[in-house]
file final-v3.pdb (PDB, C-alpha atoms, pLDDT in the B column)
ATOM      1  CA  MET U   5      44.907  64.538  69.092  1.00 39.00           C
ATOM      2  CA  SER U   6      43.465  61.688  67.064  1.00 49.00           C
ATOM      3  CA  ASP U   7      39.793  61.279  66.245  1.00 53.00           C
ATOM      4  CA  LEU U   8      38.179  59.629  69.270  1.00 51.00           C
ATOM      5  CA  THR U   9      34.603  59.412  68.124  1.00 47.00           C
ATOM      6  CA  ALA U  10      32.845  56.217  69.129  1.00 44.00           C
ATOM      7  CA  PRO U  11      31.745  55.200  65.590  1.00 43.00           C
ATOM      8  CA  THR U  12      35.402  54.784  64.569  1.00 51.00           C
ATOM      9  CA  LEU U  13      36.021  52.238  67.346  1.00 69.00           C
ATOM     10  CA  ALA U  14      35.194  48.545  67.254  1.00 77.00           C
ATOM     11  CA  THR U  15      32.592  48.079  69.951  1.00 91.00           C
ATOM     12  CA  MET U  16      31.439  44.987  71.785  1.00 96.00           C
ATOM     13  CA  ARG U  17      29.439  44.239  74.900  1.00 98.00           C
ATOM     14  CA  LEU U  18      31.209  43.974  78.247  1.00 98.00           C
ATOM     15  CA  ALA U  19      30.334  40.268  78.360  1.00 98.00           C
ATOM     16  CA  GLU U  20      32.103  39.768  75.007  1.00 97.00           C
ATOM     17  CA  ALA U  21      35.165  41.668  76.221  1.00 97.00           C
ATOM     18  CA  VAL U  22      35.371  39.513  79.350  1.00 98.00           C
ATOM     19  CA  MET U  23      35.038  36.315  77.292  1.00 97.00           C
ATOM     20  CA  GLN U  24      37.819  37.561  74.963  1.00 96.00           C
ATOM     21  CA  LEU U  25      40.025  39.023  77.701  1.00 96.00           C
ATOM     22  CA  ASP U  26      42.959  36.697  77.017  1.00 96.00           C
ATOM     23  CA  ALA U  27      42.935  37.694  73.337  1.00 95.00           C
ATOM     24  CA  LEU U  28      42.919  41.458  74.027  1.00 94.00           C
ATOM     25  CA  ASP U  29      46.157  43.428  74.177  1.00 94.00           C
ATOM     26  CA  ALA U  30      47.395  43.530  77.792  1.00 95.00           C
ATOM     27  CA  LEU U  31      48.275  47.223  77.373  1.00 93.00           C
ATOM     28  CA  ALA U  32      44.741  48.170  76.321  1.00 93.00           C
ATOM     29  CA  THR U  33      42.186  49.891  78.516  1.00 94.00           C
ATOM     30  CA  LEU U  34      38.509  48.992  78.610  1.00 96.00           C
ATOM     31  CA  TYR U  35      36.011  51.851  78.460  1.00 96.00           C
ATOM     32  CA  VAL U  36      32.417  50.860  79.171  1.00 97.00           C
ATOM     33  CA  GLN U  37      29.042  52.587  78.973  1.00 97.00           C
ATOM     34  CA  GLN U  38      27.490  53.149  82.385  1.00 97.00           C
ATOM     35  CA  PRO U  39      25.701  51.727  84.216  1.00 97.00           C
ATOM     36  CA  TRP U  40      28.079  48.789  83.940  1.00 98.00           C
ATOM     37  CA  SER U  41      26.475  45.468  83.092  1.00 98.00           C
ATOM     38  CA  ALA U  42      27.059  42.491  80.812  1.00 98.00           C
ATOM     39  CA  ALA U  43      25.162  44.257  78.018  1.00 98.00           C
ATOM     40  CA  SER U  44      27.010  47.594  78.308  1.00 98.00           C
ATOM     41  CA  ARG U  45      28.791  48.857  75.200  1.00 97.00           C
ATOM     42  CA  CYS U  46      32.556  48.434  75.567  1.00 97.00           C
ATOM     43  CA  VAL U  47      35.724  49.289  73.645  1.00 95.00           C
ATOM     44  CA  SER U  48      39.307  48.162  74.120  1.00 93.00           C
ATOM     45  CA  VAL U  49      41.724  51.027  73.459  1.00 92.00           C
ATOM     46  CA  LEU U  50      45.500  51.046  73.321  1.00 91.00           C
ATOM     47  CA  PRO U  51      47.145  54.003  75.048  1.00 87.00           C
ATOM     48  CA  GLU U  52      47.970  56.915  72.802  1.00 83.00           C
ATOM     49  CA  GLU U  53      50.432  59.620  73.763  1.00 74.00           C
ATOM     50  CA  GLY U  54      48.685  62.887  74.516  1.00 75.00           C
ATOM     51  CA  VAL U  55      45.228  61.343  74.892  1.00 78.00           C
ATOM     52  CA  LEU U  56      43.929  61.430  78.454  1.00 85.00           C
ATOM     53  CA  ALA U  57      41.199  59.154  79.805  1.00 87.00           C
ATOM     54  CA  ARG U  58      38.967  62.150  80.506  1.00 90.00           C
ATOM     55  CA  ASP U  59      39.321  63.305  76.872  1.00 89.00           C
ATOM     56  CA  PHE U  60      38.409  59.843  75.623  1.00 89.00           C
ATOM     57  CA  GLU U  61      35.433  59.675  77.996  1.00 92.00           C
ATOM     58  CA  ALA U  62      34.196  63.090  76.863  1.00 92.00           C
ATOM     59  CA  ALA U  63      34.542  62.189  73.178  1.00 90.00           C
ATOM     60  CA  THR U  64      32.862  58.770  73.397  1.00 91.00           C
ATOM     61  CA  GLY U  65      30.499  58.882  76.356  1.00 94.00           C
ATOM     62  CA  LEU U  66      32.153  55.745  77.697  1.00 95.00           C
ATOM     63  CA  ALA U  67      33.666  55.564  81.182  1.00 96.00           C
ATOM     64  CA  TYR U  68      37.088  54.260  82.128  1.00 96.00           C
ATOM     65  CA  PHE U  69      36.637  50.693  83.409  1.00 98.00           C
ATOM     66  CA  LEU U  70      39.913  48.780  83.820  1.00 97.00           C
ATOM     67  CA  GLU U  71      43.145  48.039  82.028  1.00 96.00           C
ATOM     68  CA  VAL U  72      43.034  44.603  80.388  1.00 97.00           C
ATOM     69  CA  GLU U  73      46.045  43.429  82.397  1.00 98.00           C
ATOM     70  CA  VAL U  74      44.422  44.518  85.684  1.00 98.00           C
ATOM     71  CA  ALA U  75      41.187  42.752  84.739  1.00 98.00           C
ATOM     72  CA  ARG U  76      43.118  39.551  84.045  1.00 98.00           C
ATOM     73  CA  GLU U  77      44.898  39.806  87.386  1.00 97.00           C
ATOM     74  CA  ALA U  78      41.629  40.402  89.249  1.00 97.00           C
ATOM     75  CA  LEU U  79      40.059  37.350  87.627  1.00 97.00           C
ATOM     76  CA  GLY U  80      43.025  35.321  88.841  1.00 96.00           C
ATOM     77  CA  VAL U  81      41.153  34.956  92.131  1.00 95.00           C
ATOM     78  CA  PHE U  82      38.987  32.416  90.296  1.00 95.00           C
ATOM     79  CA  ALA U  83      41.967  30.239  89.266  1.00 92.00           C
ATOM     80  CA  GLY U  84      41.106  26.598  89.729  1.00 91.00           C
ATOM     81  CA  ARG U  85      37.445  27.375  90.411  1.00 91.00           C
ATOM     82  CA  SER U  86      34.437  26.995  88.173  1.00 92.00           C
ATOM     83  CA  THR U  87      32.839  30.369  87.461  1.00 94.00           C
ATOM     84  CA  THR U  88      30.255  31.859  85.166  1.00 97.00           C
ATOM     85  CA  ILE U  89      30.673  34.871  82.918  1.00 97.00           C
ATOM     86  CA  ALA U  90      28.151  36.632  85.184  1.00 97.00           C
ATOM     87  CA  ASP U  91      30.420  36.024  88.206  1.00 97.00           C
ATOM     88  CA  LYS U  92      33.410  37.375  86.298  1.00 98.00           C
ATOM     89  CA  ILE U  93      31.537  40.515  85.249  1.00 98.00           C
ATOM     90  CA  ARG U  94      30.203  41.027  88.758  1.00 98.00           C
ATOM     91  CA  LEU U  95      33.745  40.761  90.143  1.00 98.00           C
ATOM     92  CA  LEU U  96      35.191  43.165  87.569  1.00 98.00           C
ATOM     93  CA  VAL U  97      32.442  45.745  88.091  1.00 98.00           C
ATOM     94  CA  HIS U  98      33.069  45.615  91.830  1.00 98.00           C
ATOM     95  CA  TYR U  99      36.813  45.919  91.271  1.00 98.00           C
ATOM     96  CA  ALA U 100      36.331  48.869  88.903  1.00 98.00           C
ATOM     97  CA  GLU U 101      34.086  50.648  91.399  1.00 97.00           C
ATOM     98  CA  PHE U 102      36.008  49.958  94.621  1.00 97.00           C
ATOM     99  CA  ASP U 103      39.570  49.108  93.510  1.00 96.00           C
ATOM    100  CA  ALA U 104      39.307  45.926  95.562  1.00 95.00           C
ATOM    101  CA  LEU U 105      38.103  42.375  95.192  1.00 95.00           C
ATOM    102  CA  PRO U 106      34.690  41.646  96.676  1.00 95.00           C
ATOM    103  CA  GLU U 107      34.583  39.583  99.863  1.00 93.00           C
ATOM    104  CA  TRP U 108      32.452  36.914  98.204  1.00 92.00           C
ATOM    105  CA  ALA U 109      35.249  36.175  95.733  1.00 91.00           C
ATOM    106  CA  GLN U 110      37.994  35.738  98.317  1.00 82.00           C
ATOM    107  CA  VAL U 111      39.324  32.248  98.911  1.00 69.00           C
ATOM    108  CA  PRO U 112      39.144  31.301 102.604  1.00 65.00           C
ATOM    109  CA  ILE U 113      42.542  30.670 104.172  1.00 57.00           C
TER     110      ILE U 113
END
call {"tool": "encode", "arguments": {"input": "final-v3.pdb", "output": "structure tokens"}}
result
Amino acid sequence: MSDLTAPTLATMRLAEAVMQLDALDALATLYVQQPWSAASRCVSVLPEEGVLARDFEAATGLAYFLEVEVAREALGVFAGRSTTIADKIRLLVHYAEFDALPEWAQVPI
């Protein structure tokens, strides 16, 4: 297994990751320091054969958050609407915790 120690990874804040989401590799996974907030430490990690999420979490102290592609899809609910970075983070944290979009983000039919 490769070296998974946090100092070897490029870290950012969750807010930075959300602002850069379109530039991140779609195959990457976001791991974020809990409790999840805009200021939480975050890394974007490409999958590596033989490395399990629980191993990565144990080695870095960061918790699995979402795959970049899933985060992009979840934020699609805001398409055509004006939103803040805080709204985007709030939506993604809810999605990561409950595997569902929050009611407040749903577009009325």
call {"tool": "resolve_selection", "arguments": {"input": "final-v3.pdb", "expression": "the PyMOL selection byres ((chain U and resi 36) around 9)", "output": "list in words"}}
result
Arg17, Leu18, Leu34, Tyr35, Gln37, Gln38, Pro39, Trp40, Ser41, Ser44, Arg45, Cys46, Val47, Ser48, Gly65, Leu66, Ala67, Tyr68 and Phe69 of chain U
call {"tool": "residues_near_point", "arguments": {"input": "final-v3.pdb", "point": "(44.4, 39.0, 86.7)", "cutoff": "12 Å", "atoms": "all atoms listed in the file", "output": "list of chain:residue names"}}
result
U:Val22, U:Leu25, U:Asp26, U:Ala30, U:Leu70, U:Glu71, U:Val72, U:Glu73, U:Val74, U:Ala75, U:Arg76, U:Glu77, U:Ala78, U:Leu79, U:Gly80, U:Val81, U:Phe82, U:Ala83, U:Lys92, U:Leu95, U:Leu96, U:Tyr99, U:Leu105
call {"tool": "write_last_selection", "arguments": {"input": "final-v3.pdb", "atoms": "C-alpha atoms", "output": "PDB file, in the coordinates of the input"}}
result
ATOM      1  CA  VAL U  22      35.371  39.513  79.350  1.00 98.00           C
ATOM      2  CA  LEU U  25      40.025  39.023  77.701  1.00 96.00           C
ATOM      3  CA  ASP U  26      42.959  36.697  77.017  1.00 96.00           C
ATOM      4  CA  ALA U  30      47.395  43.530  77.792  1.00 95.00           C
ATOM      5  CA  LEU U  70      39.913  48.780  83.820  1.00 97.00           C
ATOM      6  CA  GLU U  71      43.145  48.039  82.028  1.00 96.00           C
ATOM      7  CA  VAL U  72      43.034  44.603  80.388  1.00 97.00           C
ATOM      8  CA  GLU U  73      46.045  43.429  82.397  1.00 98.00           C
ATOM      9  CA  VAL U  74      44.422  44.518  85.684  1.00 98.00           C
ATOM     10  CA  ALA U  75      41.187  42.752  84.739  1.00 98.00           C
ATOM     11  CA  ARG U  76      43.118  39.551  84.045  1.00 98.00           C
ATOM     12  CA  GLU U  77      44.898  39.806  87.386  1.00 97.00           C
ATOM     13  CA  ALA U  78      41.629  40.402  89.249  1.00 97.00           C
ATOM     14  CA  LEU U  79      40.059  37.350  87.627  1.00 97.00           C
ATOM     15  CA  GLY U  80      43.025  35.321  88.841  1.00 96.00           C
ATOM     16  CA  VAL U  81      41.153  34.956  92.131  1.00 95.00           C
ATOM     17  CA  PHE U  82      38.987  32.416  90.296  1.00 95.00           C
ATOM     18  CA  ALA U  83      41.967  30.239  89.266  1.00 92.00           C
ATOM     19  CA  LYS U  92      33.410  37.375  86.298  1.00 98.00           C
ATOM     20  CA  LEU U  95      33.745  40.761  90.143  1.00 98.00           C
ATOM     21  CA  LEU U  96      35.191  43.165  87.569  1.00 98.00           C
ATOM     22  CA  TYR U  99      36.813  45.919  91.271  1.00 98.00           C
ATOM     23  CA  LEU U 105      38.103  42.375  95.192  1.00 95.00           C
TER      24      LEU U 105
END
call {"tool": "resolve_selection", "arguments": {"input": "final-v3.pdb", "expression": "the PyMOL selection byres ((chain U and resi 19) around 8)", "output": "VMD selection string"}}
result
chain U and resid 17 to 18 20 to 23 42 to 43 89 93
call {"tool": "atom_distance", "arguments": {"input": "final-v3.pdb", "atom1": "atom CA of Ala57 of chain U", "atom2": "atom CA of Asp29 of chain U"}}
result
17.4 Å
call {"tool": "atom_distance", "arguments": {"input": "final-v3.pdb", "atom1": "atom CA of Glu61 of chain U", "atom2": "atom CA of Val49 of chain U"}}
result
11.6 Å
call {"tool": "axis_aligned_box", "arguments": {"input": "final-v3.pdb", "around": "segment 67-84 of chain U", "padding_each_side": "8 Å", "output": "lines of an AutoDock Vina configuration file"}}
result
center_x = 39.9
center_y = 41.1
center_z = 86.3
size_x = 28.4
size_y = 45.0
size_z = 27.7
call {"tool": "atom_distance", "arguments": {"input": "final-v3.pdb", "atom1": "atom CA of Glu53 of chain U", "atom2": "atom CA of Phe102 of chain U"}}
result
27.1 Å
call {"tool": "closest_residue", "arguments": {"input": "final-v3.pdb", "among": "U:Ala32, U:Glu107, U:Ala14, U:Ala100", "to": "Pro51 of chain U", "atoms": "only C-alpha atoms"}}
result
U:Ala32
call {"tool": "closest_residue", "arguments": {"input": "final-v3.pdb", "among": "U:Glu52, U:Asp91, U:Leu31, U:Thr15", "to": "Trp108 of chain U", "atoms": "all atoms listed in the file"}}
result
U:Asp91
